[in-house]
file input35.txt (compact mmCIF, C-alpha atoms and all ligand atoms)
# COMPACT_ATOMS: atom_id res chain seq x y z
CA MET L 25 -1.94 15.40 15.46
CA LYS L 26 -5.14 16.43 13.75
CA PRO L 27 -7.29 13.56 12.45
CA ILE L 28 -6.64 12.48 8.87
CA THR L 29 -9.87 14.06 7.60
CA GLU L 30 -8.68 17.44 8.91
CA LEU L 31 -5.15 17.00 7.53
CA LEU L 32 -6.59 16.27 4.08
CA LYS L 33 -8.36 19.63 4.16
CA SER L 34 -5.20 21.57 4.93
CA GLY L 35 -2.90 20.48 2.07
CA VAL L 36 -1.14 17.47 0.61
CA VAL L 37 -0.58 14.82 3.30
CA LEU L 38 2.79 13.06 3.11
CA GLY L 39 2.66 9.34 3.86
CA ASP L 40 5.55 6.87 4.06
CA GLY L 41 7.13 4.35 1.71
CA GLY L 42 7.17 0.60 1.08
CA TYR L 43 8.02 -1.75 3.93
CA LEU L 44 8.12 -5.34 2.69
CA ILE L 45 10.48 -4.92 -0.27
CA GLU L 46 12.80 -2.71 1.78
CA LEU L 47 12.85 -5.22 4.65
CA GLU L 48 13.37 -8.03 2.15
CA ARG L 49 16.46 -6.20 0.88
CA ARG L 50 17.67 -5.90 4.45
CA GLY L 51 17.26 -9.64 4.97
CA TYR L 52 14.19 -9.77 7.21
CA VAL L 53 11.37 -10.70 4.80
CA ASP L 54 11.02 -13.71 2.49
CA SER L 55 10.21 -12.95 -1.15
CA GLY L 56 9.25 -16.59 -1.74
CA SER L 57 11.22 -16.71 -4.98
CA GLY L 58 13.30 -19.63 -3.73
CA ARG L 59 10.19 -21.83 -3.51
CA GLU L 60 7.71 -20.78 -6.17
CA LYS L 61 6.95 -18.50 -9.07
CA VAL L 62 6.38 -15.01 -7.72
CA GLY L 63 4.26 -12.36 -9.44
CA THR L 64 1.06 -14.31 -10.06
CA GLY L 65 -0.90 -12.37 -7.44
CA ARG L 66 -1.69 -15.69 -5.72
CA GLY L 67 1.55 -16.38 -3.86
CA SER L 68 1.57 -18.48 -0.72
CA GLY L 69 4.05 -17.34 1.89
CA GLN L 70 5.45 -14.40 0.01
CA PHE L 71 6.14 -10.97 1.46
CA THR L 72 4.22 -11.51 4.71
CA PRO L 73 4.59 -9.24 7.78
CA GLU L 74 5.88 -11.64 10.50
CA VAL L 75 8.94 -9.36 10.83
CA ALA L 76 6.81 -7.42 13.35
CA ILE L 77 7.17 -10.26 15.86
CA GLU L 78 10.43 -11.83 14.66
CA ASN L 79 12.61 -8.73 14.17
CA PRO L 80 10.76 -5.80 15.73
CA ASP L 81 13.90 -3.65 15.88
CA ALA L 82 14.26 -3.79 12.09
CA LEU L 83 10.69 -2.60 11.66
CA ARG L 84 11.06 0.11 14.32
CA GLU L 85 14.15 1.41 12.54
CA LEU L 86 12.38 1.67 9.16
CA HIS L 87 9.47 3.53 10.82
CA ARG L 88 12.00 5.96 12.34
CA GLU L 89 13.62 6.55 8.96
CA PHE L 90 10.28 7.45 7.37
CA LEU L 91 9.34 9.68 10.30
CA ASN L 92 12.67 11.52 10.07
CA ALA L 93 12.12 11.95 6.32
CA GLY L 94 8.91 13.87 7.01
CA SER L 95 6.12 11.29 6.90
CA GLN L 96 2.95 12.57 8.59
CA VAL L 97 1.47 9.08 8.50
CA LEU L 98 3.19 5.80 9.40
CA GLN L 99 1.59 2.61 8.15
CA ALA L 100 1.63 -0.24 10.62
CA LEU L 101 3.15 -3.21 8.80
CA THR L 102 -0.06 -5.20 8.66
CA PHE L 103 -0.04 -5.60 4.88
CA PHE L 104 -0.98 -9.22 4.00
CA GLY L 105 -1.97 -9.62 7.64
CA THR L 106 -5.30 -11.41 7.15
CA ARG L 107 -5.55 -14.85 8.72
CA GLU L 108 -6.09 -16.26 5.21
CA LYS L 109 -2.73 -15.00 3.91
CA LEU L 110 -0.87 -15.69 7.17
CA ASN L 111 -2.21 -19.27 7.20
CA ARG L 112 -0.56 -19.89 3.85
CA ALA L 113 2.71 -18.50 5.16
CA GLY L 114 2.53 -20.71 8.27
CA TYR L 115 1.77 -17.82 10.63
CA GLY L 116 -2.01 -18.12 10.93
CA ALA L 117 -1.87 -18.81 14.66
CA ASP L 118 0.02 -15.52 15.12
CA THR L 119 -2.58 -13.38 13.30
CA GLU L 120 -3.64 -11.49 16.44
CA ARG L 121 -0.10 -10.96 17.68
CA ILE L 122 1.32 -9.80 14.33
CA ASN L 123 -1.42 -7.20 13.89
CA GLN L 124 -1.27 -6.02 17.51
CA VAL L 125 2.52 -5.78 17.66
CA ALA L 126 2.78 -4.06 14.26
CA VAL L 127 0.40 -1.31 15.40
CA LYS L 128 2.15 -0.99 18.77
CA LEU L 129 5.56 -0.51 17.08
CA ALA L 130 4.24 2.12 14.66
CA LYS L 131 2.51 4.02 17.48
CA GLU L 132 5.63 3.90 19.64
CA VAL L 133 7.72 5.51 16.90
CA ALA L 134 5.00 7.94 15.74
CA GLY L 135 4.34 9.35 19.21
CA ASP L 136 2.55 12.64 18.64
CA ARG L 137 4.51 13.37 15.43
CA ALA L 138 2.57 11.19 12.99
CA LEU L 139 -0.74 9.38 12.59
CA VAL L 140 -0.76 5.59 12.41
CA ALA L 141 -2.70 3.85 9.65
CA GLY L 142 -3.54 0.18 9.59
CA SER L 143 -2.60 -1.29 6.20
CA VAL L 144 -5.10 -3.80 4.82
CA SER L 145 -4.69 -5.58 1.51
CA ARG L 146 -6.37 -8.30 -0.51
CA THR L 147 -6.74 -11.79 0.93
CA GLN L 148 -5.69 -13.28 -2.46
CA LEU L 149 -8.84 -15.42 -2.30
CA THR L 150 -10.36 -13.60 -5.27
CA GLU L 151 -7.27 -14.33 -7.38
CA ARG L 152 -7.26 -17.97 -6.24
CA GLU L 153 -10.92 -18.90 -6.08
CA GLY L 154 -12.86 -16.22 -7.93
CA MET L 155 -15.78 -14.02 -6.96
CA GLY L 156 -17.55 -16.85 -5.13
CA SER L 157 -15.02 -16.41 -2.33
CA LEU L 158 -16.03 -12.84 -1.44
CA GLY L 159 -18.01 -14.05 1.57
CA LYS L 160 -14.88 -15.69 2.99
CA SER L 161 -12.90 -12.53 2.18
CA ARG L 162 -15.40 -10.52 4.17
CA ASP L 163 -14.86 -12.66 7.27
CA HIS L 164 -11.06 -12.34 7.03
CA LEU L 165 -11.03 -8.61 6.27
CA ALA L 166 -13.55 -7.90 9.05
CA GLU L 167 -11.41 -9.86 11.51
CA GLN L 168 -8.23 -7.98 10.62
CA ILE L 169 -9.95 -4.59 10.70
CA ARG L 170 -11.37 -5.38 14.14
CA LEU L 171 -7.86 -6.28 15.37
CA LEU L 172 -6.47 -3.02 13.96
CA LYS L 173 -9.23 -0.99 15.55
CA ASP L 174 -8.67 -2.65 18.93
CA ALA L 175 -4.93 -1.95 18.60
CA GLY L 176 -5.70 1.76 18.18
CA VAL L 177 -5.00 2.76 14.57
CA ASP L 178 -6.13 6.26 13.58
CA PHE L 179 -7.50 5.15 10.21
CA LEU L 180 -7.07 2.50 7.52
CA ILE L 181 -5.24 2.41 4.20
CA LEU L 182 -6.91 -0.24 2.04
CA GLU L 183 -4.33 -0.91 -0.65
CA THR L 184 -3.09 -3.21 -3.39
CA PHE L 185 -6.51 -4.65 -4.10
CA PHE L 186 -6.61 -6.00 -7.67
CA HIS L 187 -10.40 -6.50 -7.81
CA LEU L 188 -12.75 -3.59 -7.13
CA ALA L 189 -15.26 -6.17 -5.82
CA GLU L 190 -12.95 -7.17 -2.95
CA MET L 191 -12.16 -3.50 -2.25
CA GLN L 192 -15.90 -2.90 -1.90
CA VAL L 193 -16.05 -5.61 0.75
CA ALA L 194 -13.10 -4.04 2.59
CA LEU L 195 -14.72 -0.59 2.51
CA GLU L 196 -17.94 -2.05 3.93
CA CYS L 197 -15.94 -3.70 6.75
CA ALA L 198 -14.15 -0.39 7.48
CA ALA L 199 -17.46 1.46 7.63
CA ALA L 200 -18.93 -1.20 9.92
CA ALA L 201 -15.94 -0.75 12.25
CA GLY L 202 -16.33 3.04 12.16
CA LEU L 203 -12.82 3.64 10.82
CA PRO L 204 -12.06 6.22 8.09
CA ALA L 205 -10.40 4.60 5.08
CA VAL L 206 -8.13 5.69 2.24
CA ALA L 207 -8.74 3.30 -0.67
CA THR L 208 -6.25 2.56 -3.46
CA ILE L 209 -6.44 -0.06 -6.22
CA SER L 210 -3.41 -1.59 -7.93
CA PHE L 211 -3.85 -1.72 -11.68
CA ARG L 212 -2.20 -4.58 -13.56
CA PRO L 213 -1.03 -5.45 -16.12
CA LEU L 214 -2.19 -2.10 -17.59
CA ILE L 215 -3.48 1.06 -15.93
CA SER L 216 -6.69 1.00 -17.99
CA LYS L 217 -8.62 -1.64 -15.98
CA SER L 218 -8.73 -3.35 -12.59
CA SER L 219 -8.56 -7.16 -12.58
CA ASP L 220 -12.38 -7.25 -12.62
CA ASP L 221 -12.49 -4.99 -15.66
CA ARG L 222 -13.43 -1.71 -14.06
CA THR L 223 -11.93 1.56 -15.29
CA PRO L 224 -10.08 3.91 -12.93
CA ALA L 225 -13.04 6.32 -13.12
CA GLU L 226 -15.53 3.58 -12.15
CA CYS L 227 -13.26 2.45 -9.30
CA ALA L 228 -12.99 6.02 -8.00
CA ARG L 229 -16.75 6.56 -8.06
CA VAL L 230 -17.57 3.27 -6.36
CA MET L 231 -14.94 3.72 -3.63
CA ALA L 232 -16.08 7.30 -2.94
CA ASP L 233 -19.72 6.21 -2.79
CA LEU L 234 -18.76 3.60 -0.19
CA GLY L 235 -17.33 6.34 2.01
CA ALA L 236 -13.59 6.32 1.26
CA ILE L 237 -12.05 9.58 2.51
CA ALA L 238 -9.51 9.50 -0.35
CA VAL L 239 -9.36 7.27 -3.45
CA GLY L 240 -6.59 6.43 -5.85
CA ALA L 241 -3.91 3.94 -6.81
CA ASN L 242 -0.86 2.36 -5.25
CA CYS L 243 2.01 0.03 -6.18
CA GLU L 244 2.78 -1.54 -9.60
CA GLN L 245 3.63 1.66 -11.53
CA ASP L 246 6.29 4.34 -11.32
CA PRO L 247 4.83 7.82 -10.71
CA ARG L 248 4.90 8.98 -14.32
CA ARG L 249 3.00 5.91 -15.46
CA MET L 250 0.44 6.29 -12.65
CA LEU L 251 -0.42 9.96 -13.16
CA PRO L 252 -2.73 9.48 -16.19
CA LEU L 253 -4.93 7.03 -14.29
CA LEU L 254 -5.16 9.45 -11.38
CA ARG L 255 -6.34 12.14 -13.77
CA GLU L 256 -9.13 9.80 -14.92
CA MET L 257 -10.12 9.36 -11.29
CA ARG L 258 -9.95 13.12 -10.71
CA ALA L 259 -12.52 13.66 -13.46
CA ALA L 260 -14.87 11.12 -11.88
CA THR L 261 -14.95 12.17 -8.22
CA SER L 262 -14.47 15.14 -5.94
CA VAL L 263 -12.98 13.28 -2.93
CA PRO L 264 -9.22 13.75 -2.37
CA LEU L 265 -6.93 11.58 -4.49
CA ALA L 266 -4.34 9.25 -2.94
CA ALA L 267 -1.25 7.89 -4.71
CA GLN L 268 1.53 5.61 -3.55
CA PRO L 269 3.44 4.63 -6.70
CA ALA L 270 6.24 2.10 -6.82
CA ALA L 271 9.83 3.16 -7.48
CA PHE L 272 10.34 0.69 -10.32
CA ARG L 273 10.33 1.36 -14.04
CA THR L 274 7.56 -0.25 -16.09
CA THR L 275 7.16 -0.58 -19.86
CA GLU L 276 4.62 0.42 -22.51
CA GLN L 277 3.58 -3.24 -22.80
CA CYS L 278 3.41 -3.94 -19.07
CA HIS L 279 2.49 -1.23 -16.55
CA SER L 280 3.08 -3.52 -13.60
CA PHE L 281 6.52 -4.17 -12.12
CA THR L 282 5.42 -7.40 -10.43
CA ARG L 283 4.65 -8.81 -13.89
CA LEU L 284 8.10 -7.98 -15.24
CA PRO L 285 10.87 -10.63 -15.25
CA ALA L 286 12.94 -8.47 -12.88
CA PHE L 287 10.47 -9.15 -10.03
CA PRO L 288 11.54 -10.02 -7.40
CA ASP L 289 15.20 -10.94 -7.75
CA GLU L 290 16.51 -8.28 -10.15
CA LEU L 291 14.61 -5.24 -8.97
CA GLU L 292 17.87 -3.30 -8.72
CA THR L 293 17.95 -3.23 -12.52
CA ILE L 294 14.62 -1.35 -12.80
CA GLN L 295 14.88 0.98 -9.80
CA ILE L 296 14.01 4.57 -10.73
CA SER L 297 15.90 7.52 -9.33
CA ARG L 298 14.83 9.75 -6.45
CA ARG L 299 14.66 12.61 -8.91
CA GLU L 300 11.45 11.07 -10.27
CA PHE L 301 9.92 11.34 -6.81
CA VAL L 302 10.87 15.04 -6.67
CA GLN L 303 8.98 15.44 -9.96
CA PHE L 304 6.11 13.36 -8.58
CA GLY L 305 5.93 15.73 -5.60
CA GLN L 306 5.76 18.73 -7.93
CA ALA L 307 3.00 17.07 -9.96
CA ALA L 308 1.10 16.10 -6.80
CA ARG L 309 1.13 19.70 -5.64
CA ASN L 310 0.26 21.17 -9.05
CA GLU L 311 -2.55 18.71 -9.64
CA GLY L 312 -3.93 18.90 -6.13
CA LEU L 313 -3.49 15.33 -4.91
CA GLY L 314 -4.58 14.80 -1.31
CA PHE L 315 -2.39 11.98 0.03
CA VAL L 316 0.96 10.90 -1.38
CA GLY L 317 3.60 8.39 -0.42
CA GLY L 318 5.49 5.56 -2.03
CA CYS L 319 5.03 1.83 -2.29
CA CYS L 320 7.50 -0.91 -3.23
CA GLY L 321 11.04 0.31 -3.82
CA CYS L 322 10.46 3.57 -2.00
CA ASN L 323 12.67 4.03 1.06
CA ALA L 324 13.20 7.14 3.19
CA ALA L 325 15.37 8.83 0.54
CA TYR L 326 12.40 8.75 -1.83
CA ILE L 327 10.09 10.23 0.82
CA ARG L 328 12.58 13.06 1.34
CA ALA L 329 12.62 13.59 -2.42
CA LEU L 330 8.83 13.64 -2.49
CA GLN L 331 8.78 16.22 0.30
CA GLN L 332 11.28 18.31 -1.67
CA GLY L 333 9.00 18.21 -4.71
CA LEU L 334 5.98 19.20 -2.63
CA ASP L 335 7.95 22.14 -1.20
CA ASP L 336 9.32 23.40 -4.54
CA ARG L 337 8.08 26.82 -5.43
ZN ZN L 401 3.93 -2.03 -3.54

call {"tool": "encode", "arguments": {"input": "input35.txt", "output": "structure tokens"}}
result
Amino acid sequence: MKPITELLKSGVVLGDGGYLIELERRGYVDSGSGREKVGTGRGSGQFTPEVAIENPDALRELHREFLNAGSQVLQALTFFGTREKLNRAGYGADTERINQVAVKLAKEVAGDRALVAGSVSRTQLTEREGMGSLGKSRDHLAEQIRLLKDAGVDFLILETFFHLAEMQVALECAAAAGLPAVATISFRPLISKSSDDRTPAECARVMADLGAIAVGANCEQDPRRMLPLLREMRAATSVPLAAQPAAFRTTEQCHSFTRLPAFPDELETIQISRREFVQFGQAARNEGLGFVGGCCGCNAAYIRALQQGLDDR
């Protein structure tokens, strides 16, 4: 496989879909809804990636499904894999093992048919403790990124950060580790501002200036709702755009599925159809996006649909 920076020059790169919600549906991941209110952005042991060490076959199988659907990039399931988040889920002592095993499984399945990206997300410290915690965030993000580098990822996908300020820290850690990084913010409750009040255009500029090889948005919105914010980013930067929308319907009042009452136990009632991912693929091609995939709610059928849209002539 060519490196990600080369792939981005040769056309739209097709990523994979969402792991934690799909594995939760299959019975391997805990949504946390039985213990606490989910959807605050500050959850304790919710949607963490210990499946890598507890049920590796389930994770391997989902990687295979995405690969067979055409994904050129497989994300190691290291989302919410900082020691900070894993501590709250009771898996802090397994931080090294979860990150190492997740990368090993993704690489095993990818072989020479796909690149492997390490997924890194927010520590949730900013949501819990405010901006004064960014120093602690830096230590946790740097630790996870070092583990991912040692495990042999090809590049990083920094995703589902709510605050641009914490994303900046993550991008600095990626640069210090010498790993290329795709950077995507999750906008909630509306697409107009990040949680620290920065517009999509400002986010795009700042992330590009910090060396991100592609910038954009992921999670929270269905593709149609996400496209306008991507266009704002397009106008603000010349680096490739990245988009991994969710496959759940949002509303005019709330552009964020994790803030809707259906999250997490009635997601079936707001699932969008694969057809909308065909249309997303067409839009991605017509508007020149660089990296596309899906986030929560997006299984291999949606990646196939996305591929179909990209191929439509
Ligand atoms: Zn998501």

call {"tool": "residues_near_ligand", "arguments": {"input": "input35.txt", "ligand": "ligand ZN 401 (chain L)", "cutoff": "9 Å", "atoms": "only C-alpha atoms and all ligand atoms", "output": "PDB file with C-alpha atoms, keeping the file's coordinate frame"}}
result
ATOM      1  CA  GLY L  41       7.130   4.350   1.710  1.00  0.00           C
ATOM      2  CA  GLY L  42       7.170   0.600   1.080  1.00  0.00           C
ATOM      3  CA  TYR L  43       8.020  -1.750   3.930  1.00  0.00           C
ATOM      4  CA  LEU L  44       8.120  -5.340   2.690  1.00  0.00           C
ATOM      5  CA  ILE L  45      10.480  -4.920  -0.270  1.00  0.00           C
ATOM      6  CA  GLU L 183      -4.330  -0.910  -0.650  1.00  0.00           C
ATOM      7  CA  THR L 184      -3.090  -3.210  -3.390  1.00  0.00           C
ATOM      8  CA  SER L 210      -3.410  -1.590  -7.930  1.00  0.00           C
ATOM      9  CA  ASN L 242      -0.860   2.360  -5.250  1.00  0.00           C
ATOM     10  CA  CYS L 243       2.010   0.030  -6.180  1.00  0.00           C
ATOM     11  CA  GLU L 244       2.780  -1.540  -9.600  1.00  0.00           C
ATOM     12  CA  GLN L 245       3.630   1.660 -11.530  1.00  0.00           C
ATOM     13  CA  GLN L 268       1.530   5.610  -3.550  1.00  0.00           C
ATOM     14  CA  PRO L 269       3.440   4.630  -6.700  1.00  0.00           C
ATOM     15  CA  ALA L 270       6.240   2.100  -6.820  1.00  0.00           C
ATOM     16  CA  ALA L 271       9.830   3.160  -7.480  1.00  0.00           C
ATOM     17  CA  THR L 282       5.420  -7.400 -10.430  1.00  0.00           C
ATOM     18  CA  GLY L 318       5.490   5.560  -2.030  1.00  0.00           C
ATOM     19  CA  CYS L 319       5.030   1.830  -2.290  1.00  0.00           C
ATOM     20  CA  CYS L 320       7.500  -0.910  -3.230  1.00  0.00           C
ATOM     21  CA  GLY L 321      11.040   0.310  -3.820  1.00  0.00           C
ATOM     22  CA  CYS L 322      10.460   3.570  -2.000  1.00  0.00           C
TER      23      CYS L 322
END

call {"tool": "residues_around", "arguments": {"input": "input35.txt", "residues": "Ser95 of chain L", "least_positions_apart": "5", "cutoff": "7 Å", "atoms": "all atoms listed in the file", "output": "list in words"}}
result
Leu38, Gly39, Asp40 and Phe90 of chain L

call {"tool": "closest_residue", "arguments": {"input": "input35.txt", "among": "L:Gln295, L:Ser219, L:Thr102, L:Ser157", "to": "Val193 of chain L", "atoms": "all atoms listed in the file"}}
result
L:Ser157

call {"tool": "closest_residue", "arguments": {"input": "input35.txt", "among": "L:Pro224, L:Pro285, L:Gly114, L:Pro264", "to": "Val316 of chain L", "atoms": "all atoms listed in the file"}}
result
L:Pro264

call {"tool": "residues_around", "arguments": {"input": "input35.txt", "residues": "Phe186 of chain L", "least_positions_apart": "2", "cutoff": "10 Å", "atoms": "only C-alpha atoms", "output": "list in words"}}
result
Gly65, Ser145, Arg146, Gln148, Thr150, Glu151, Glu183, Thr184, Leu188, Ala189, Glu190, Met191, Thr208, Ile209, Ser210, Phe211, Arg212, Lys217, Ser218, Ser219, Asp220 and Asp221 of chain L

call {"tool": "residues_near_point", "arguments": {"input": "input35.txt", "point": "(8.3, 13.0, -7.6)", "cutoff": "12 Å", "atoms": "only C-alpha atoms", "output": "number ranges by chain"}}
result
L: 246-251, 267-271, 296-310, 316-318, 322, 325-336

call {"tool": "write_last_selection", "arguments": {"input": "input35.txt", "atoms": "C-alpha atoms", "output": "mmCIF file, in the frame of the given file"}}
result
data_model
loop_
_atom_site.group_PDB
_atom_site.id
_atom_site.type_symbol
_atom_site.label_atom_id
_atom_site.label_comp_id
_atom_site.auth_asym_id
_atom_site.auth_seq_id
_atom_site.Cartn_x
_atom_site.Cartn_y
_atom_site.Cartn_z
ATOM 1 C CA ASP L 246 6.290 4.340 -11.320
ATOM 2 C CA PRO L 247 4.830 7.820 -10.710
ATOM 3 C CA ARG L 248 4.900 8.980 -14.320
ATOM 4 C CA ARG L 249 3.000 5.910 -15.460
ATOM 5 C CA MET L 250 0.440 6.290 -12.650
ATOM 6 C CA LEU L 251 -0.420 9.960 -13.160
ATOM 7 C CA ALA L 267 -1.250 7.890 -4.710
ATOM 8 C CA GLN L 268 1.530 5.610 -3.550
ATOM 9 C CA PRO L 269 3.440 4.630 -6.700
ATOM 10 C CA ALA L 270 6.240 2.100 -6.820
ATOM 11 C CA ALA L 271 9.830 3.160 -7.480
ATOM 12 C CA ILE L 296 14.010 4.570 -10.730
ATOM 13 C CA SER L 297 15.900 7.520 -9.330
ATOM 14 C CA ARG L 298 14.830 9.750 -6.450
ATOM 15 C CA ARG L 299 14.660 12.610 -8.910
ATOM 16 C CA GLU L 300 11.450 11.070 -10.270
ATOM 17 C CA PHE L 301 9.920 11.340 -6.810
ATOM 18 C CA VAL L 302 10.870 15.040 -6.670
ATOM 19 C CA GLN L 303 8.980 15.440 -9.960
ATOM 20 C CA PHE L 304 6.110 13.360 -8.580
ATOM 21 C CA GLY L 305 5.930 15.730 -5.600
ATOM 22 C CA GLN L 306 5.760 18.730 -7.930
ATOM 23 C CA ALA L 307 3.000 17.070 -9.960
ATOM 24 C CA ALA L 308 1.100 16.100 -6.800
ATOM 25 C CA ARG L 309 1.130 19.700 -5.640
ATOM 26 C CA ASN L 310 0.260 21.170 -9.050
ATOM 27 C CA VAL L 316 0.960 10.900 -1.380
ATOM 28 C CA GLY L 317 3.600 8.390 -0.420
ATOM 29 C CA GLY L 318 5.490 5.560 -2.030
ATOM 30 C CA CYS L 322 10.460 3.570 -2.000
ATOM 31 C CA ALA L 325 15.370 8.830 0.540
ATOM 32 C CA TYR L 326 12.400 8.750 -1.830
ATOM 33 C CA ILE L 327 10.090 10.230 0.820
ATOM 34 C CA ARG L 328 12.580 13.060 1.340
ATOM 35 C CA ALA L 329 12.620 13.590 -2.420
ATOM 36 C CA LEU L 330 8.830 13.640 -2.490
ATOM 37 C CA GLN L 331 8.780 16.220 0.300
ATOM 38 C CA GLN L 332 11.280 18.310 -1.670
ATOM 39 C CA GLY L 333 9.000 18.210 -4.710
ATOM 40 C CA LEU L 334 5.980 19.200 -2.630
ATOM 41 C CA ASP L 335 7.950 22.140 -1.200
ATOM 42 C CA ASP L 336 9.320 23.400 -4.540
#

call {"tool": "atom_distance", "arguments": {"input": "input35.txt", "atom1": "atom CA of Ala225 of chain L", "atom2": "atom CA of Val239 of chain L"}}
result
10.4 Å

call {"tool": "closest_residue", "arguments": {"input": "input35.txt", "among": "L:Asp289, L:Phe315, L:Val36, L:Asn323", "to": "Ser57 of chain L", "atoms": "only C-alpha atoms"}}
result
L:Asp289

call {"tool": "closest_residue", "arguments": {"input": "input35.txt", "among": "L:Lys173, L:Val127, L:Leu291, L:Ala194", "to": "Gly159 of chain L", "atoms": "only C-alpha atoms"}}
result
L:Ala194

call {"tool": "residues_around", "arguments": {"input": "input35.txt", "residues": "Thr29 of chain L", "least_positions_apart": "2", "cutoff": "12 Å", "atoms": "only C-alpha atoms", "output": "number ranges by chain"}}
result
L: 25-27, 31-37, 139, 178-180, 203-206, 236-238, 263-264, 314-315

call {"tool": "write_last_selection", "arguments": {"input": "input35.txt", "atoms": "C-alpha atoms", "output": "PDB file, keeping the file's coordinate frame"}}
result
ATOM      1  CA  MET L  25      -1.940  15.400  15.460  1.00  0.00           C
ATOM      2  CA  LYS L  26      -5.140  16.430  13.750  1.00  0.00           C
ATOM      3  CA  PRO L  27      -7.290  13.560  12.450  1.00  0.00           C
ATOM      4  CA  LEU L  31      -5.150  17.000   7.530  1.00  0.00           C
ATOM      5  CA  LEU L  32      -6.590  16.270   4.080  1.00  0.00           C
ATOM      6  CA  LYS L  33      -8.360  19.630   4.160  1.00  0.00           C
ATOM      7  CA  SER L  34      -5.200  21.570   4.930  1.00  0.00           C
ATOM      8  CA  GLY L  35      -2.900  20.480   2.070  1.00  0.00           C
ATOM      9  CA  VAL L  36      -1.140  17.470   0.610  1.00  0.00           C
ATOM     10  CA  VAL L  37      -0.580  14.820   3.300  1.00  0.00           C
ATOM     11  CA  LEU L 139      -0.740   9.380  12.590  1.00  0.00           C
ATOM     12  CA  ASP L 178      -6.130   6.260  13.580  1.00  0.00           C
ATOM     13  CA  PHE L 179      -7.500   5.150  10.210  1.00  0.00           C
ATOM     14  CA  LEU L 180      -7.070   2.500   7.520  1.00  0.00           C
ATOM     15  CA  LEU L 203     -12.820   3.640  10.820  1.00  0.00           C
ATOM     16  CA  PRO L 204     -12.060   6.220   8.090  1.00  0.00           C
ATOM     17  CA  ALA L 205     -10.400   4.600   5.080  1.00  0.00           C
ATOM     18  CA  VAL L 206      -8.130   5.690   2.240  1.00  0.00           C
ATOM     19  CA  ALA L 236     -13.590   6.320   1.260  1.00  0.00           C
ATOM     20  CA  ILE L 237     -12.050   9.580   2.510  1.00  0.00           C
ATOM     21  CA  ALA L 238      -9.510   9.500  -0.350  1.00  0.00           C
ATOM     22  CA  VAL L 263     -12.980  13.280  -2.930  1.00  0.00           C
ATOM     23  CA  PRO L 264      -9.220  13.750  -2.370  1.00  0.00           C
ATOM     24  CA  GLY L 314      -4.580  14.800  -1.310  1.00  0.00           C
ATOM     25  CA  PHE L 315      -2.390  11.980   0.030  1.00  0.00           C
TER      26      PHE L 315
END

call {"tool": "residues_around", "arguments": {"input": "input35.txt", "residues": "Val140 of chain L", "least_positions_apart": "3", "cutoff": "9 Å", "atoms": "all atoms listed in the file", "output": "ChimeraX atom specification"}}
result
/L:96-100,127,130-131,134,176-180

call {"tool": "closest_residue", "arguments": {"input": "input35.txt", "among": "L:Ala82, L:Pro288, L:Ile77, L:Glu311", "to": "Gly58 of chain L", "atoms": "all atoms listed in the file"}}
result
L:Pro288

call {"tool": "closest_residue", "arguments": {"input": "input35.txt", "among": "L:Glu60, L:Glu153, L:Glu74, L:Glu108", "to": "Glu48 of chain L", "atoms": "only C-alpha atoms"}}
result
L:Glu74

call {"tool": "decode", "arguments": {"input": "input35.txt", "residues": "segment 250-260 of chain L", "atoms": "N, CA and C atoms", "output": "mmCIF file, in the first residue's frame"}}
result
data_model
loop_
_atom_site.group_PDB
_atom_site.id
_atom_site.type_symbol
_atom_site.label_atom_id
_atom_site.label_comp_id
_atom_site.auth_asym_id
_atom_site.auth_seq_id
_atom_site.Cartn_x
_atom_site.Cartn_y
_atom_site.Cartn_z
ATOM 1 N N MET L 250 -24.100 17.082 7.690
ATOM 2 C CA MET L 250 -22.676 17.417 7.843
ATOM 3 C C MET L 250 -22.123 18.197 6.652
ATOM 4 N N LEU L 251 -22.675 17.990 5.474
ATOM 5 C CA LEU L 251 -22.077 18.590 4.271
ATOM 6 C C LEU L 251 -21.900 20.110 4.347
ATOM 7 N N PRO L 252 -22.897 20.866 4.850
ATOM 8 C CA PRO L 252 -22.696 22.320 4.902
ATOM 9 C C PRO L 252 -21.489 22.742 5.736
ATOM 10 N N LEU L 253 -21.212 22.037 6.817
ATOM 11 C CA LEU L 253 -20.062 22.436 7.640
ATOM 12 C C LEU L 253 -18.759 22.112 6.923
ATOM 13 N N LEU L 254 -18.782 21.038 6.140
ATOM 14 C CA LEU L 254 -17.580 20.698 5.366
ATOM 15 C C LEU L 254 -17.308 21.767 4.305
ATOM 16 N N ARG L 255 -18.388 22.294 3.739
ATOM 17 C CA ARG L 255 -18.195 23.363 2.736
ATOM 18 C C ARG L 255 -17.590 24.607 3.384
ATOM 19 N N GLU L 256 -17.964 24.886 4.627
ATOM 20 C CA GLU L 256 -17.330 26.022 5.326
ATOM 21 C C GLU L 256 -15.840 25.766 5.510
ATOM 22 N N MET L 257 -15.507 24.515 5.838
ATOM 23 C CA MET L 257 -14.088 24.176 5.997
ATOM 24 C C MET L 257 -13.361 24.289 4.665
ATOM 25 N N ARG L 258 -14.019 23.814 3.599
ATOM 26 C CA ARG L 258 -13.413 23.860 2.261
ATOM 27 C C ARG L 258 -12.976 25.274 1.892
ATOM 28 N N ALA L 259 -13.842 26.245 2.262
ATOM 29 C CA ALA L 259 -13.554 27.639 1.916
ATOM 30 C C ALA L 259 -12.392 28.199 2.729
ATOM 31 N N ALA L 260 -12.050 27.523 3.823
ATOM 32 C CA ALA L 260 -11.050 28.077 4.750
ATOM 33 C C ALA L 260 -9.673 27.453 4.612
#
